[in-house]
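Each remark here refers to the structure printed beneath this line.
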Amino acid sequence: MVLNRNFTGRSHGPTPVYEVSREKIRDYAIATGDLHPAYLDPAVARQLGYRDVIAPPSFAVMLFFRFGGWPLYDPEFGKKKDPVCVHRAQRATHQRPIVAGDRLVQTTFVNEVVERGEHEQWTMTHTITTPEGEPVCVVVNTIVSRGTAHEPGSTAS
Amino acid sequence: MTSRIRYADVQVGTPIPEQTFVLKRVDLLRYCGGCSDFTATHWNERVAKAVGLPDVIAHGTLIIAEAVRIVSDWVGDPGAVVEYSVSRFAHPVVVPDDDVGAQLRVSGRVEQKLDAECVVARLSVHCGGREVVAGARAVVRLA
């Protein structure tokens with residue numbers, strides 16, 4: 001058991017502002033191989049009723065990666081670099097699509113830290129809003145710390 | 001939101017057109033840069049094997065992006081996808097260092113009709129003959 005159970009119930013944020021640009025959306029869309037014109041062409045996005053190009057639904061994880069998905073990088077939490085952590089589950093719920101020009105902030109809450117067989121896992125809820133508090137998206141991530149349930153420093157299976 | 005699929009025109013069981021996506025090493029590198037996650041198991045064979053994986057594996061978030069894509073392509077408006085979820089990444093998607101890559105076959109069907117013109121799509125993601133994602137679903141708002 002290496003993960004600090006006291007992190008259950010802790011929260012972090014709101015983060016600094018993440019500015020969503022047309023070019024970042026374009027880069028992300030190309031990186032997923034999905035070239036839907038609503039991601040690339042403002043005229044198409046406007047025809048669909050948006051003020052500018054929209055981001056793919058899976059783009060919301062950008063804030064998770066941008067801000068380090070606290071507590072991944074808090075030494076007090078105890079996450080080990082080796083054996084590695086892997087993604088177990090994810091849910092994203094959008095109040096509206098993310099649009100180029102959006103200014104977003106994220107607050108992360110640790111729901112639980114539990115043992116699962118030889119592994120440990122923890123679940124975080126990331127609430128993404130504008131700085132003014134308009135709800136945009138909620139992402140729930142569950143991450144598995146492989147093979148750390150019983151002994152600190154035990155090797156991955 | 002402007003779905004081209006009408007709520008009245010779908011039933012439980014309505015299929016969502018299947019697609020196959022090919023992931024090669026360069027695609028993983030591109031996604032590392034695109035999403036800013038440079039975890040070594042997604043690009044470094046030495047590290048992947050050292051932690052017990054057969055080889056470099058695709059990001060779970062990339063698998064989700066591909067799975068949800070069949071829904072956004074079906075309705076024509078990605079903004080109509082209001083929710084997606086994966087209950088478990090069941091098997092890692094291994095991406096070999098060759099010119100063939102990993103083939104992700106994504107299929108889906110309408111599982112449930114909700115109120116407010118939304119439906120739940122159940123998605124299946126297969127790679128190398130087995131299901132790699134458990135409990136993949138998307139909620140989409142139709143016209």
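Convention: chains lettered A, B, ... in structure tokens order; per-chain residue numbering from 1; ligands numbered from 1 as shown.
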Item to complete: Identify all chain B residues at most 6 Å from chain A by counting only C-alpha atoms; ligands do not count. Present them as an MDAnalysis selection string.
Response: chainID B and resid 2 30:31 34:35 65 79 82:89
Item to complete: Using only C-alpha atoms, determine which residues lie at most 6 Å from Leu123 in chain B, disregarding the query and same-chain residues fewer than 3 positions distant; provide the list as a list in words.
Response: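 The neighbour list is Ser107, Gly108, Ala136 and Arg137 of chain B.
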Write the residues of the preceding selection, restricted to N, CA and C atoms, as a compact mmCIF listing (two decimals), in the first residue's frame.
```txt
# COMPACT_ATOMS: atom_id res chain seq x y z
N SER B 107 -17.78 -0.93 -33.39
CA SER B 107 -19.17 -1.06 -33.83
C SER B 107 -20.07 -0.58 -32.70
N GLY B 108 -21.34 -0.39 -33.02
CA GLY B 108 -22.24 0.11 -31.98
C GLY B 108 -23.69 -0.06 -32.36
N ALA B 136 -18.34 0.36 -22.90
CA ALA B 136 -18.20 1.64 -23.62
C ALA B 136 -19.57 2.10 -24.10
N ARG B 137 -19.92 3.31 -23.70
CA ARG B 137 -21.23 3.85 -24.06
C ARG B 137 -21.11 5.33 -24.38
```
If you run DSSP on this backbone, which residues of range 51-127 of chain A come out as strand (DSSP E), and could you give them as an mmCIF file with all heavy atoms, in the first residue's frame?
```cif
data_model
loop_
_atom_site.group_PDB
_atom_site.id
_atom_site.type_symbol
_atom_site.label_atom_id
_atom_site.label_comp_id
_atom_site.auth_asym_id
_atom_site.auth_seq_id
_atom_site.Cartn_x
_atom_site.Cartn_y
_atom_site.Cartn_z
ATOM 1 N N CYS A 85 1.384 3.482 -13.581
ATOM 2 C CA CYS A 85 -0.065 3.611 -13.438
ATOM 3 C C CYS A 85 -0.705 3.513 -14.822
ATOM 4 O O CYS A 85 -0.117 3.942 -15.814
ATOM 5 C CB CYS A 85 -0.410 4.958 -12.822
ATOM 6 S SG CYS A 85 0.054 5.061 -11.089
ATOM 7 N N VAL A 86 -1.883 2.924 -14.875
ATOM 8 C CA VAL A 86 -2.618 2.852 -16.142
ATOM 9 C C VAL A 86 -4.055 3.323 -15.920
ATOM 10 O O VAL A 86 -4.576 3.301 -14.807
ATOM 11 C CB VAL A 86 -2.635 1.404 -16.705
ATOM 12 C CG1 VAL A 86 -1.235 0.967 -17.102
ATOM 13 C CG2 VAL A 86 -3.235 0.425 -15.709
ATOM 14 N N HIS A 87 -4.663 3.753 -17.011
ATOM 15 C CA HIS A 87 -6.029 4.241 -16.985
ATOM 16 C C HIS A 87 -6.979 3.038 -16.880
ATOM 17 O O HIS A 87 -6.857 2.093 -17.639
ATOM 18 C CB HIS A 87 -6.305 4.958 -18.309
ATOM 19 C CG HIS A 87 -7.115 6.184 -18.152
ATOM 20 N ND1 HIS A 87 -6.878 7.316 -18.907
ATOM 21 C CD2 HIS A 87 -8.152 6.484 -17.351
ATOM 22 C CE1 HIS A 87 -7.751 8.242 -18.560
ATOM 23 N NE2 HIS A 87 -8.530 7.763 -17.624
ATOM 24 N N ARG A 88 -7.908 3.086 -15.950
ATOM 25 C CA ARG A 88 -8.859 1.968 -15.855
ATOM 26 C C ARG A 88 -10.219 2.337 -16.436
ATOM 27 O O ARG A 88 -10.831 1.557 -17.146
ATOM 28 C CB ARG A 88 -9.036 1.520 -14.403
ATOM 29 C CG ARG A 88 -10.003 0.340 -14.289
ATOM 30 C CD ARG A 88 -10.186 -0.109 -12.857
ATOM 31 N NE ARG A 88 -11.181 -1.167 -12.774
ATOM 32 C CZ ARG A 88 -10.895 -2.447 -12.931
ATOM 33 N NH1 ARG A 88 -9.671 -2.825 -13.187
ATOM 34 N NH2 ARG A 88 -11.844 -3.359 -12.841
ATOM 35 N N ALA A 89 -10.697 3.525 -16.109
ATOM 36 C CA ALA A 89 -12.051 3.895 -16.534
ATOM 37 C C ALA A 89 -12.129 5.406 -16.729
ATOM 38 O O ALA A 89 -11.333 6.158 -16.147
ATOM 39 C CB ALA A 89 -13.067 3.449 -15.488
ATOM 40 N N GLN A 90 -13.091 5.815 -17.532
ATOM 41 C CA GLN A 90 -13.298 7.247 -17.732
ATOM 42 C C GLN A 90 -14.747 7.515 -18.129
ATOM 43 O O GLN A 90 -15.357 6.739 -18.856
ATOM 44 C CB GLN A 90 -12.384 7.787 -18.839
ATOM 45 C CG GLN A 90 -12.515 9.298 -18.993
ATOM 46 C CD GLN A 90 -11.534 9.859 -20.003
ATOM 47 O OE1 GLN A 90 -11.589 9.553 -21.175
ATOM 48 N NE2 GLN A 90 -10.621 10.680 -19.525
ATOM 49 N N ARG A 91 -15.262 8.624 -17.622
ATOM 50 C CA ARG A 91 -16.569 9.111 -18.076
ATOM 51 C C ARG A 91 -16.487 10.619 -18.244
ATOM 52 O O ARG A 91 -15.913 11.306 -17.392
ATOM 53 C CB ARG A 91 -17.672 8.754 -17.061
ATOM 54 C CG ARG A 91 -19.061 9.190 -17.538
ATOM 55 C CD ARG A 91 -20.180 8.757 -16.604
ATOM 56 N NE ARG A 91 -20.187 9.479 -15.356
ATOM 57 C CZ ARG A 91 -19.990 8.934 -14.161
ATOM 58 N NH1 ARG A 91 -19.777 7.644 -14.041
ATOM 59 N NH2 ARG A 91 -20.011 9.671 -13.075
ATOM 60 N N ALA A 92 -17.009 11.127 -19.323
ATOM 61 C CA ALA A 92 -17.062 12.575 -19.528
ATOM 62 C C ALA A 92 -18.493 12.969 -19.835
ATOM 63 O O ALA A 92 -19.144 12.338 -20.673
ATOM 64 C CB ALA A 92 -16.143 12.987 -20.681
ATOM 65 N N THR A 93 -18.974 13.977 -19.146
ATOM 66 C CA THR A 93 -20.338 14.469 -19.357
ATOM 67 C C THR A 93 -20.267 15.957 -19.703
ATOM 68 O O THR A 93 -19.737 16.746 -18.915
ATOM 69 C CB THR A 93 -21.197 14.283 -18.093
ATOM 70 O OG1 THR A 93 -21.096 12.918 -17.672
ATOM 71 C CG2 THR A 93 -22.651 14.627 -18.358
ATOM 72 N N HIS A 94 -20.765 16.283 -20.890
ATOM 73 C CA HIS A 94 -20.678 17.670 -21.358
ATOM 74 C C HIS A 94 -21.982 18.421 -21.130
ATOM 75 O O HIS A 94 -23.045 17.934 -21.509
ATOM 76 C CB HIS A 94 -20.370 17.704 -22.862
ATOM 77 C CG HIS A 94 -18.937 17.449 -23.182
ATOM 78 N ND1 HIS A 94 -18.421 16.190 -23.317
ATOM 79 C CD2 HIS A 94 -17.892 18.306 -23.388
ATOM 80 C CE1 HIS A 94 -17.125 16.280 -23.607
ATOM 81 N NE2 HIS A 94 -16.771 17.538 -23.643
ATOM 82 N N ARG A 103 -12.316 29.890 -22.270
ATOM 83 C CA ARG A 103 -11.345 29.973 -21.189
ATOM 84 C C ARG A 103 -11.874 29.051 -20.096
ATOM 85 O O ARG A 103 -12.989 29.250 -19.597
ATOM 86 C CB ARG A 103 -11.181 31.418 -20.707
ATOM 87 C CG ARG A 103 -10.756 32.355 -21.832
ATOM 88 C CD ARG A 103 -10.652 33.805 -21.387
ATOM 89 N NE ARG A 103 -9.442 34.072 -20.615
ATOM 90 C CZ ARG A 103 -9.419 34.352 -19.317
ATOM 91 N NH1 ARG A 103 -10.542 34.402 -18.640
ATOM 92 N NH2 ARG A 103 -8.282 34.569 -18.692
ATOM 93 N N LEU A 104 -11.081 28.017 -19.755
ATOM 94 C CA LEU A 104 -11.584 26.966 -18.871
ATOM 95 C C LEU A 104 -10.695 26.819 -17.643
ATOM 96 O O LEU A 104 -9.482 27.024 -17.707
ATOM 97 C CB LEU A 104 -11.616 25.623 -19.624
ATOM 98 C CG LEU A 104 -12.447 25.583 -20.910
ATOM 99 C CD1 LEU A 104 -12.277 24.237 -21.607
ATOM 100 C CD2 LEU A 104 -13.920 25.854 -20.623
ATOM 101 N N VAL A 105 -11.314 26.442 -16.542
ATOM 102 C CA VAL A 105 -10.564 26.068 -15.340
ATOM 103 C C VAL A 105 -11.084 24.719 -14.868
ATOM 104 O O VAL A 105 -12.203 24.315 -15.187
ATOM 105 C CB VAL A 105 -10.703 27.118 -14.213
ATOM 106 C CG1 VAL A 105 -10.118 28.451 -14.649
ATOM 107 C CG2 VAL A 105 -12.151 27.272 -13.773
ATOM 108 N N GLN A 106 -10.230 24.009 -14.120
ATOM 109 C CA GLN A 106 -10.591 22.657 -13.668
ATOM 110 C C GLN A 106 -10.370 22.521 -12.168
ATOM 111 O O GLN A 106 -9.347 22.964 -11.648
ATOM 112 C CB GLN A 106 -9.716 21.646 -14.414
ATOM 113 C CG GLN A 106 -9.870 20.209 -13.948
ATOM 114 C CD GLN A 106 -9.039 19.257 -14.809
ATOM 115 O OE1 GLN A 106 -9.478 18.795 -15.845
ATOM 116 N NE2 GLN A 106 -7.824 18.988 -14.390
ATOM 117 N N THR A 107 -11.339 21.907 -11.508
ATOM 118 C CA THR A 107 -11.179 21.563 -10.097
ATOM 119 C C THR A 107 -11.259 20.045 -9.972
ATOM 120 O O THR A 107 -12.158 19.428 -10.541
ATOM 121 C CB THR A 107 -12.278 22.224 -9.235
ATOM 122 O OG1 THR A 107 -12.159 23.649 -9.359
ATOM 123 C CG2 THR A 107 -12.133 21.838 -7.772
ATOM 124 N N THR A 108 -10.289 19.469 -9.263
ATOM 125 C CA THR A 108 -10.209 18.009 -9.144
ATOM 126 C C THR A 108 -10.501 17.578 -7.715
ATOM 127 O O THR A 108 -9.971 18.151 -6.766
ATOM 128 C CB THR A 108 -8.801 17.534 -9.553
ATOM 129 O OG1 THR A 108 -8.620 17.796 -10.939
ATOM 130 C CG2 THR A 108 -8.647 16.028 -9.327
ATOM 131 N N PHE A 109 -11.362 16.572 -7.593
ATOM 132 C CA PHE A 109 -11.757 16.026 -6.297
ATOM 133 C C PHE A 109 -11.400 14.549 -6.278
ATOM 134 O O PHE A 109 -11.678 13.837 -7.251
ATOM 135 C CB PHE A 109 -13.266 16.233 -6.107
ATOM 136 C CG PHE A 109 -13.815 15.676 -4.829
ATOM 137 C CD1 PHE A 109 -13.729 16.414 -3.649
ATOM 138 C CD2 PHE A 109 -14.425 14.426 -4.777
ATOM 139 C CE1 PHE A 109 -14.238 15.913 -2.448
ATOM 140 C CE2 PHE A 109 -14.936 13.914 -3.596
ATOM 141 C CZ PHE A 109 -14.835 14.667 -2.431
ATOM 142 N N VAL A 110 -10.789 14.073 -5.196
ATOM 143 C CA VAL A 110 -10.476 12.645 -5.078
ATOM 144 C C VAL A 110 -11.652 11.929 -4.421
ATOM 145 O O VAL A 110 -11.949 12.158 -3.248
ATOM 146 C CB VAL A 110 -9.187 12.413 -4.263
ATOM 147 C CG1 VAL A 110 -8.899 10.911 -4.140
ATOM 148 C CG2 VAL A 110 -8.005 13.111 -4.928
ATOM 149 N N ASN A 111 -12.331 11.067 -5.182
ATOM 150 C CA ASN A 111 -13.508 10.375 -4.674
ATOM 151 C C ASN A 111 -13.128 9.249 -3.718
ATOM 152 O O ASN A 111 -13.762 9.075 -2.682
ATOM 153 C CB ASN A 111 -14.322 9.752 -5.813
ATOM 154 C CG ASN A 111 -14.701 10.748 -6.867
ATOM 155 O OD1 ASN A 111 -13.840 11.394 -7.455
ATOM 156 N ND2 ASN A 111 -15.980 10.886 -7.100
ATOM 157 N N GLU A 112 -12.132 8.454 -4.132
ATOM 158 C CA GLU A 112 -11.772 7.308 -3.298
ATOM 159 C C GLU A 112 -10.395 6.798 -3.688
ATOM 160 O O GLU A 112 -9.914 7.015 -4.798
ATOM 161 C CB GLU A 112 -12.795 6.176 -3.447
ATOM 162 C CG GLU A 112 -12.871 5.632 -4.875
ATOM 163 C CD GLU A 112 -13.712 4.362 -4.982
ATOM 164 O OE1 GLU A 112 -14.438 4.055 -4.029
ATOM 165 O OE2 GLU A 112 -13.602 3.684 -6.012
ATOM 166 N N VAL A 113 -9.775 6.138 -2.720
ATOM 167 C CA VAL A 113 -8.505 5.448 -2.956
ATOM 168 C C VAL A 113 -8.687 4.059 -2.363
ATOM 169 O O VAL A 113 -8.943 3.927 -1.165
ATOM 170 C CB VAL A 113 -7.334 6.161 -2.247
ATOM 171 C CG1 VAL A 113 -6.010 5.492 -2.610
ATOM 172 C CG2 VAL A 113 -7.291 7.653 -2.582
ATOM 173 N N VAL A 114 -8.622 3.015 -3.196
ATOM 174 C CA VAL A 114 -8.947 1.664 -2.711
ATOM 175 C C VAL A 114 -7.962 0.627 -3.228
ATOM 176 O O VAL A 114 -7.227 0.870 -4.187
ATOM 177 C CB VAL A 114 -10.376 1.236 -3.133
ATOM 178 C CG1 VAL A 114 -11.425 2.136 -2.513
ATOM 179 C CG2 VAL A 114 -10.503 1.218 -4.651
ATOM 180 N N GLU A 115 -7.993 -0.516 -2.578
ATOM 181 C CA GLU A 115 -7.223 -1.670 -3.021
ATOM 182 C C GLU A 115 -8.073 -2.482 -3.985
ATOM 183 O O GLU A 115 -9.286 -2.591 -3.810
ATOM 184 C CB GLU A 115 -6.892 -2.533 -1.800
ATOM 185 C CG GLU A 115 -5.476 -3.035 -1.764
ATOM 186 C CD GLU A 115 -5.157 -3.670 -0.425
ATOM 187 O OE1 GLU A 115 -5.532 -4.830 -0.243
ATOM 188 O OE2 GLU A 115 -4.553 -2.988 0.432
ATOM 189 N N ARG A 116 -7.441 -3.040 -4.982
ATOM 190 C CA ARG A 116 -8.169 -3.912 -5.909
ATOM 191 C C ARG A 116 -7.240 -5.065 -6.264
ATOM 192 O O ARG A 116 -6.429 -4.961 -7.169
ATOM 193 C CB ARG A 116 -8.568 -3.124 -7.149
ATOM 194 C CG ARG A 116 -9.697 -3.748 -7.893
ATOM 195 C CD ARG A 116 -10.244 -2.824 -8.962
ATOM 196 N NE ARG A 116 -11.423 -3.444 -9.533
ATOM 197 C CZ ARG A 116 -12.666 -3.051 -9.298
ATOM 198 N NH1 ARG A 116 -12.896 -2.002 -8.552
ATOM 199 N NH2 ARG A 116 -13.675 -3.670 -9.847
ATOM 200 N N HIS A 119 -3.502 -4.600 -6.925
ATOM 201 C CA HIS A 119 -3.340 -3.214 -7.363
ATOM 202 C C HIS A 119 -4.035 -2.248 -6.408
ATOM 203 O O HIS A 119 -4.838 -2.638 -5.575
ATOM 204 C CB HIS A 119 -3.923 -3.034 -8.768
ATOM 205 C CG HIS A 119 -3.447 -4.040 -9.765
ATOM 206 N ND1 HIS A 119 -2.119 -4.248 -10.038
ATOM 207 C CD2 HIS A 119 -4.138 -4.923 -10.546
ATOM 208 C CE1 HIS A 119 -1.993 -5.211 -10.951
ATOM 209 N NE2 HIS A 119 -3.203 -5.647 -11.270
ATOM 210 N N GLU A 120 -3.716 -0.986 -6.566
ATOM 211 C CA GLU A 120 -4.483 0.069 -5.907
ATOM 212 C C GLU A 120 -5.088 0.931 -7.005
ATOM 213 O O GLU A 120 -4.556 0.982 -8.121
ATOM 214 C CB GLU A 120 -3.588 0.934 -5.030
ATOM 215 C CG GLU A 120 -2.982 0.196 -3.858
ATOM 216 C CD GLU A 120 -2.015 1.102 -3.116
ATOM 217 O OE1 GLU A 120 -0.881 1.279 -3.583
ATOM 218 O OE2 GLU A 120 -2.406 1.635 -2.085
ATOM 219 N N GLN A 121 -6.176 1.594 -6.685
ATOM 220 C CA GLN A 121 -6.723 2.499 -7.690
ATOM 221 C C GLN A 121 -7.361 3.692 -7.006
ATOM 222 O O GLN A 121 -7.746 3.633 -5.836
ATOM 223 C CB GLN A 121 -7.740 1.797 -8.587
ATOM 224 C CG GLN A 121 -9.059 1.465 -7.914
ATOM 225 C CD GLN A 121 -10.050 0.838 -8.875
ATOM 226 O OE1 GLN A 121 -9.695 0.050 -9.751
ATOM 227 N NE2 GLN A 121 -11.311 1.183 -8.729
ATOM 228 N N TRP A 122 -7.425 4.778 -7.726
ATOM 229 C CA TRP A 122 -8.117 5.944 -7.191
ATOM 230 C C TRP A 122 -8.930 6.593 -8.282
ATOM 231 O O TRP A 122 -8.648 6.441 -9.474
ATOM 232 C CB TRP A 122 -7.158 6.930 -6.534
ATOM 233 C CG TRP A 122 -6.318 7.775 -7.437
ATOM 234 C CD1 TRP A 122 -6.562 9.060 -7.801
ATOM 235 C CD2 TRP A 122 -5.073 7.411 -8.052
ATOM 236 N NE1 TRP A 122 -5.555 9.521 -8.605
ATOM 237 C CE2 TRP A 122 -4.636 8.537 -8.778
ATOM 238 C CE3 TRP A 122 -4.294 6.259 -8.072
ATOM 239 C CZ2 TRP A 122 -3.450 8.541 -9.513
ATOM 240 C CZ3 TRP A 122 -3.121 6.251 -8.806
ATOM 241 C CH2 TRP A 122 -2.711 7.384 -9.513
ATOM 242 N N THR A 123 -9.998 7.253 -7.858
ATOM 243 C CA THR A 123 -10.931 7.887 -8.782
ATOM 244 C C THR A 123 -10.980 9.381 -8.499
ATOM 245 O O THR A 123 -11.048 9.796 -7.337
ATOM 246 C CB THR A 123 -12.338 7.262 -8.629
ATOM 247 O OG1 THR A 123 -12.242 5.869 -8.903
ATOM 248 C CG2 THR A 123 -13.321 7.889 -9.594
ATOM 249 N N MET A 124 -10.877 10.153 -9.573
ATOM 250 C CA MET A 124 -10.903 11.609 -9.458
ATOM 251 C C MET A 124 -12.051 12.162 -10.291
ATOM 252 O O MET A 124 -12.305 11.671 -11.392
ATOM 253 C CB MET A 124 -9.611 12.213 -10.028
ATOM 254 C CG MET A 124 -8.361 11.852 -9.289
ATOM 255 S SD MET A 124 -6.888 12.476 -10.176
ATOM 256 C CE MET A 124 -6.694 11.229 -11.430
ATOM 257 N N THR A 125 -12.702 13.186 -9.782
ATOM 258 C CA THR A 125 -13.711 13.913 -10.563
ATOM 259 C C THR A 125 -13.153 15.292 -10.898
ATOM 260 O O THR A 125 -12.779 16.049 -10.006
ATOM 261 C CB THR A 125 -15.023 14.052 -9.780
ATOM 262 O OG1 THR A 125 -15.542 12.744 -9.535
ATOM 263 C CG2 THR A 125 -16.047 14.855 -10.575
ATOM 264 N N HIS A 126 -13.053 15.567 -12.187
ATOM 265 C CA HIS A 126 -12.553 16.856 -12.673
ATOM 266 C C HIS A 126 -13.754 17.670 -13.160
ATOM 267 O O HIS A 126 -14.448 17.250 -14.089
ATOM 268 C CB HIS A 126 -11.586 16.676 -13.836
ATOM 269 C CG HIS A 126 -10.525 15.644 -13.595
ATOM 270 N ND1 HIS A 126 -9.403 15.879 -12.842
ATOM 271 C CD2 HIS A 126 -10.434 14.359 -14.004
ATOM 272 C CE1 HIS A 126 -8.656 14.782 -12.816
ATOM 273 N NE2 HIS A 126 -9.258 13.850 -13.505
ATOM 274 N N THR A 127 -13.973 18.809 -12.533
ATOM 275 C CA THR A 127 -15.085 19.663 -12.954
ATOM 276 C C THR A 127 -14.514 20.837 -13.741
ATOM 277 O O THR A 127 -13.704 21.609 -13.221
ATOM 278 C CB THR A 127 -15.870 20.160 -11.723
ATOM 279 O OG1 THR A 127 -16.322 19.019 -10.996
ATOM 280 C CG2 THR A 127 -17.069 21.000 -12.141
#
```
Item to complete: Any chance you could list, as an MDAnalysis selection string, the residues in range 29-84 of chain A that come up helix (DSSP H, G or I) when DSSP is run on the backbone?
Response: chainID A and resid 29:32 37:40 42:47 57:66 75:77
Write a file of the selected residues as a PDB file, in the first residue's frame, keeping C-alpha atoms.
```pdb
ATOM      1  CA  ALA A  29      -8.154  16.435 -34.134  1.00  0.00           C
ATOM      2  CA  ILE A  30      -5.243  15.542 -36.425  1.00  0.00           C
ATOM      3  CA  ALA A  31      -3.643  13.547 -33.599  1.00  0.00           C
ATOM      4  CA  THR A  32      -6.761  11.392 -33.330  1.00  0.00           C
ATOM      5  CA  PRO A  37     -14.970  19.785 -40.481  1.00  0.00           C
ATOM      6  CA  ALA A  38     -16.642  21.132 -37.315  1.00  0.00           C
ATOM      7  CA  TYR A  39     -13.190  20.862 -35.677  1.00  0.00           C
ATOM      8  CA  LEU A  40     -11.407  22.658 -38.503  1.00  0.00           C
ATOM      9  CA  PRO A  42     -15.445  27.892 -38.466  1.00  0.00           C
ATOM     10  CA  ALA A  43     -18.021  28.212 -41.273  1.00  0.00           C
ATOM     11  CA  VAL A  44     -19.094  24.585 -40.840  1.00  0.00           C
ATOM     12  CA  ALA A  45     -19.183  24.968 -37.060  1.00  0.00           C
ATOM     13  CA  ARG A  46     -21.405  28.049 -37.390  1.00  0.00           C
ATOM     14  CA  GLN A  47     -23.779  26.164 -39.673  1.00  0.00           C
ATOM     15  CA  PRO A  57     -15.735  15.203 -27.276  1.00  0.00           C
ATOM     16  CA  SER A  58     -12.557  13.550 -25.959  1.00  0.00           C
ATOM     17  CA  PHE A  59     -10.689  16.893 -25.897  1.00  0.00           C
ATOM     18  CA  ALA A  60     -11.712  17.550 -22.288  1.00  0.00           C
ATOM     19  CA  VAL A  61      -8.835  15.328 -21.128  1.00  0.00           C
ATOM     20  CA  MET A  62      -6.480  18.081 -22.302  1.00  0.00           C
ATOM     21  CA  LEU A  63      -7.029  19.774 -18.945  1.00  0.00           C
ATOM     22  CA  PHE A  64      -6.227  16.536 -17.128  1.00  0.00           C
ATOM     23  CA  PHE A  65      -2.935  16.276 -18.999  1.00  0.00           C
ATOM     24  CA  ARG A  66      -2.204  20.011 -18.869  1.00  0.00           C
ATOM     25  CA  PRO A  75       4.798  13.386  -3.677  1.00  0.00           C
ATOM     26  CA  GLU A  76       2.710  13.085  -0.518  1.00  0.00           C
ATOM     27  CA  PHE A  77       0.208  10.917  -2.410  1.00  0.00           C
TER      28      PHE A  77
END
```
Item to complete: Kindly give the distance, in Å, that separates CA of Glu18 in chain B and CA of Glu23 in chain A, rounded to a single decimal.
Response: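 Computing the Euclidean distance for CA of Glu18 in chain B and CA of Glu23 in chain A yields 29.3 Å.
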Fill in: Close residues, Gly101 in chain A itself excluded, 9 Å, only C-alpha atoms, min 4 positions apart in chain, as a PyMOL selection string
chain A and resi 19-22+52
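Here CA of Gly76 in chain B stands at a distance of 12.2 Å from CA of Ile16 in chain B.
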Practice prompt. For Gly128 in chain B, work out the shell of residues within 10 Å, counting only C-alpha atoms and skipping chain neighbours fewer than 5 positions away, then give it as an MDAnalysis selection string.
Written response: chainID B and resid 93:94 102:105
Discussion item. Let me make sure I understand: among B:Ile64, B:Trp43, B:Val51, B:Asp77, which one has the smallest atom-to-atom distance to Gly147 in chain A if we use only C-alpha atoms?
Written reply: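 Smallest separation from Gly147 in chain A among the options: B:Val51.
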Fill in: Residue nearest Val10 in chain B - candidates B:Glu111, B:Asp55, B:Asp27, B:Asp73, atoms counted: only C-alpha atoms
B:Glu111
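Pairwise distance (CA of Cys118 in chain B, CA of Ala134 in chain B) equals 21.8 Å.
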